[in-house]
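**Student:** Below: one structure in C-alpha cells.
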Amino acid sequence: MTDFLSHLNDAQRKAVEHTEGPVMIIAGAGAGKTRVLTYRIAYLLHQGADPFRIMALTFTNKAAREMKERIMQLIGPAKGRNVWMGTFHSIFARILRVDGHHLGYPENFTIYDTDDSKQLLKKILSELQLDPKVYHPSYLLNRISNAKSNLYSPENYLADQEIVNADHAAGKPLTGELYRTYNARLKRANAMDFDDLLFNTNMLFRDFPDVLHKYQHRFGYILVDEYQDTNFAQYHIIKQIAAAHENLTVVGDDAQSIYAFRGANIQNILNFKKDYPDYHLFRLEQNYRSTKTIVNAANVVIENNKDQIKKKVWTENEEGELITVLKATSDTEESTLVANSIFGLKMSKQLPSKDFAILYRTNAQSRTLEEALRRQGIPYKIYGGVSFYSRREVKDLLAYFRLVINPNDEEALLRVINYPARGIGKTTIEKLQVLANTHKTSIFNLIAENPTALAELNRGTVNKLQEFVTMIRSFIVQLESKSAFELANHITKSVGIVNALKEEDAIESVNRIENIEELLNAIMEFSEREPEPDELGEDGRPARSLGHFMQQVALLTDADKKDEEGGDYVSLMTIHAAKGLEFPYVFIVGLEENLFPSIQSLGTRAELEEERRLFYVALTRAMKKVTISHAETRYRWGSLSLSEPSRFLEEIDPVFIETPRKLAKSSFAEPAKSPLPGRRPMPTSGAESQTSGRDDFQASDTENLETGMQVEHQKFGFGQVVKVEGSGANKKATVHFNGIGQKQLLLKFARLRIIQ
DNA sequence: ACCGTATTCAGCGCG
DNA sequence: TGAATACGGT
C-alpha cells in the first residue's frame, strides 16, 4: 500500500507529493485528473494528515462518492471515510445547518429547488399583478441566481445603477424589487434556494469572523475538483477558508469549461496565480484514455480557441481508428444510420451495448435516436430528462415530509394543503395567502397560532384547516421517535396519497404509485444503511431521522442514483451530462450549424468558444473510435429546417477522418456524390450510404422471403436465410452471411436483394 | 369538481 | 412535433 504511488506517472506523482501550499493542477482530458486528486488525498492521509481536516469539493455527489470509495480502497476505510467530501452545496448546507443561526436561520431550513423558486416567483407576480409574460419566472430566477452567484444582495443590486438601467432598458424595471421580495419570502418560509447556500455561507464568513476562523482551522487542506466550473461565490468561499494556511489544491482544465452560461468563471483558473503568487503549477498532459487519432483531432479543434492555457495533450496509445462522418438527409435517417452503425459494430466486433454512447447537444434530439434504437432492438438508456425527484407524485410526498420538518415551508404547504382533496379550495387558499402577507407570517403559523385572524372564513373551512394542522403536528411529534422509514411510511398511509392516485386515470397512476414505492424504498435503505461518520447528528447519534433524510435529498439529482449493476445498454445523454465519463465508442450527433454550435452561441466569440470546448469534451469522451453525424434537414420547434454541416466538422483535420474509399471493400460501386458547392466535400462513410437509399442497390420485396433463400446485403454480402420469424413490422430474418456469420435482420429496415 | 382545450416549452443544467 | 401543465368553461 505504501507503494501506491507507483500507479502514477512522473508528472502525476510530482503533483501528488507536493502537499503543502497553493497548487494548481492543469490536466488535459483523460490525463488522470481525478486520479491525481484521489491519490493526493490518500497520500496526505498516508503521511498522517487528520482526515477530519481535509475538505474535498467536487462537481457532483457521484464524483464525491466514487472518489471516497477509491480512497478507502487505497488507504483503508477507517481514515478514508472521515474526509469531508462532497459538492459545494452539500458541504456548505451542512455548515449552514450548524452555524446558519447567526444569520437567523434555524437548522431545519428547507432548500427550495428550482421548481419551488419558480412557483414562489409566479405567486409574487400575481400578487403584484405583474404580467408573467413580461417578468418571465425563469428569466427572473436567472437574474437572481446570477446576482447571488456574484454576491449581489437585493440591496447591492438596486444600488447598482448600471444594472438598474439595464433592467429599465429591457422593459423590466421591477426586477430588483422582485429579487428583494423573493428573498424576503424565502426567509419567511425559512428556506434557501441553491444559490443561497453559497451566498449565505459567504455572508456568514464575512459577518462572523469567529465562524470563519473556526472553519479555517478546521480544514487544514482544501482540494477542489473541476475548478474551471466554479463561480464567483464558490471561488470566494474557498479563498476565505484557505486564507489561513493556503493549503489549497485546485484541479481543472480550461479546455473543458462548459458551464460559463451558468456563471462559471474561467477567470478563477487564470486568477489563481494572482491570488497565490507562490503557487506551484503542475501540468498533466499525457492522455491515457483515447487513441492518438482522437487526441490529435481534439487538439486540432481546440486550437481554434483564443482563450486558453497552452498545453499539449499527447498519448502513447495506439493510432486507432479514423473518425467516421455520417451524413444523413434527415434527422430520422441520421438516427437510423447511427443505430445501424452501432448494430454493425456490435456484430462485427462482438461488443456489448454498454461500450457505446450517443452524445447530443440538446435533449430534444434523443427522441428519434430512441425510436431508431428500439427498431434495431438495441437496449439503451437515456440520461437526463425529467428527473425522478421532480415527478409530481414524488414532489407531493416529499412536500409532506418538508412540511413536517419545517411547517413554514410555504411551497410545500401549498402543494399538499388540498392534495389529496380535503375541501380546502382555491378561494380559501387565496384568502390565506393574503392574510399571511398582512400578518407577515406563514400560512401554517396563521392557522396554528392565530385563529382570530381566520374570522372571515366560515366555520366549516376553519375546521378543515385545523384538522390539517393537527395532522401535520401529529407527524411532527414523531420526528424524533421514529426512524425515517417508519415515519415516512406512516405519513404516506395517513394522507392517503396512494388511494388518491388509484382514483386517477389508470395508465399513469400505476407508474406514479411505483414511484411512491421507489421513494419509500430509498428511505428504507437510508434508514437501514450504516451512516457515514459525517452523518452523525449533533449529539453524535446516527442521523437516521426523516429530517436527516430530507437534508440530503434536497441536494440529490438523478445523476446520483447508482447505475444498475451490469446493465448492458447504449448510453444516450447530452454532452454536458457526459463530462467526466468515457466510452469506447462515441457517436456525436447533430453536427450542424445553429444546433452545434447552438444558434444562441453565435453572438460572441466567448460563447462560440464555449461550444467548441463542448465539442472538445464530446470528442475526448471516446476511447477507441468517434463517429460524427449530421443531417441536412431536421424538425425543430415543429417545423422542418435545412441544416448546413457544422463548422466544427471542418476544423477536424481531414487526415483524421475516414474517407468512403477505405470502407469500400464490397463489390458495389461507390455511390456517386457531388460535393456541396463552395465547400470541401464532406467525407461520408460507406456504411452510411447503404441504408440511405441514394445508390443503385436494388432491394427486393421481402414479403415472401423464406428459409433457404439466397440473398444479398449491401454490407454483409451474400448469405442464406436460416430463419424467418414474426410478421408485419416485426418480421425478421436470420441470415448466414458468407465469411461473416449469422445476423438477425429486421426486414422492415434491412435492404435485402433476393437472388434465388 | 371535472374535463377538454389552450398554451407553453424545446441550449446545455451542477446543486 | 409532442409532452406536460395551466386554464377556463360547464
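By convention in this document, the chains of the C-alpha cells carry letters A, B, ... by their order, each chain's residues are numbered from 1, and ligands are numbered from 1 in the order they are shown.
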What are the residues of chain B that have an atom within 12 Å of an atom of chain A, counting only C-alpha atoms (C1' of nucleotides), as a list of chain:residue names?
**Tutor:**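 Those within range of chain A come out as B:DA1, B:DC2, B:DT8, B:DC9, B:DA10, B:DG11, B:DC12, B:DG13, B:DC14, B:DG15.
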**Student:** Report as a tab-separated table: every residue of chain C with an atom at most 12 Å from chain A, its closest pair of atoms, and their distance in Å to one decimal, counting only C-alpha atoms (C1' of nucleotides), with rows sorted by chain and ascending residue number.
**Tutor:**
```
residue	atom	partner	partner_atom	distance
C:DT1	C1'	A:Gly638	CA	4.4
C:DG2	C1'	A:Gly638	CA	8.7
C:DA3	C1'	A:Val386	CA	11.3
C:DA4	C1'	A:Val386	CA	10.9
C:DT5	C1'	A:Arg392	CA	10.9
```
**Student:** Using DSSP secondary structure from the backbone, list all strand (DSSP E) positions within stretch 230-306 of chain A, as a PyMOL selection string.
**Tutor:** chain A and resi 248-252+280-284+286-287
**Student:** Can you list, as number ranges by chain, all residues belonging to stretch 250-382 of chain A that DSSP tags as alpha helix (DSSP H)?
**Tutor:** A: 267-275, 292-302, 331-349, 366-376
**Student:** Please report the interatomic distance between atom CA of A:Asp253 and atom CA of A:Asn317 in Å with one decimal.
**Tutor:** 20.9 Å
**Student:** Under the rule that only C-alpha atoms are counted, which of A:Met347, A:Ile266, A:Val83, A:Val570 is the nearest residue to A:Ile378?
**Tutor:**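 Between A:Met347, A:Ile266, A:Val83, A:Val570, the residue approaching A:Ile378 most closely is A:Val570.
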**Student:** If you measure from atom CA of A:Lys118 to atom CA of A:Tyr135, what distance in Å do you get, rounded to one decimal?
**Tutor:**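 Going from atom CA of A:Lys118 over to atom CA of A:Tyr135 covers 11.4 Å.
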**Student:** When distances are computed from only C-alpha atoms, which of A:Ile447, A:Ile754, A:Val721, A:Met72 shows the smallest separation from A:Thr428?
**Tutor:**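 Distance minimum relative to A:Thr428 lands on A:Ile447.
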**Student:** Excluding stretch 204-207 of chain A and residues on its chain fewer than 3 positions from it, collect all residues at most 12 Å away from it, counting only C-alpha atoms (C1' of nucleotides), and give them as an MDAnalysis selection string.
**Tutor:** chainID A and resid 92 95:105 151 196:201 210:216 233 236:241 243
**Student:** Please measure the separation of atom CA of A:Lys172 and atom CA of A:Tyr157, giving the value in Å to one decimal.
**Tutor:**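 Between these atoms lies a distance of 13.8 Å.
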**Student:** Have a look at A:Thr659, A:Ser643, A:Asn305, A:Ser126 and name the one nearest to A:Ala631; count only C-alpha atoms.
**Tutor:**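 Ranking A:Thr659, A:Ser643, A:Asn305, A:Ser126 by distance to A:Ala631, first place goes to A:Ser643.
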**Student:** Residues within 9 Å of C:DC7, please, as a list in words. Count only C-alpha atoms (C1' of nucleotides); anything in the same chain fewer than 3 positions from it doesn't count.
**Tutor:** DT5, DA6 and DT7 of chain B
**Student:** Emit the selected residues as an mmCIF file, in the first residue's frame, including C-alpha atoms (C1' of nucleotides).
**Tutor:**
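File written: out38.cif
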```
data_model
loop_
_atom_site.group_PDB
_atom_site.id
_atom_site.type_symbol
_atom_site.label_atom_id
_atom_site.label_comp_id
_atom_site.auth_asym_id
_atom_site.auth_seq_id
_atom_site.Cartn_x
_atom_site.Cartn_y
_atom_site.Cartn_z
ATOM 1 C "C1'" DT B 5 -58.668 22.580 -24.694
ATOM 2 C "C1'" DA B 6 -55.030 26.174 -24.840
ATOM 3 C "C1'" DT B 7 -50.603 27.222 -24.056
#
```
**Student:** Please list as a ChimeraX atom specification every residue within 12 Å of A:His490, counting only C-alpha atoms (C1' of nucleotides) and excluding residues in the same chain fewer than 5 positions away.
**Tutor:** /A:397,400-401,471-472,474-476,478-479,482-485,495-497,520,546
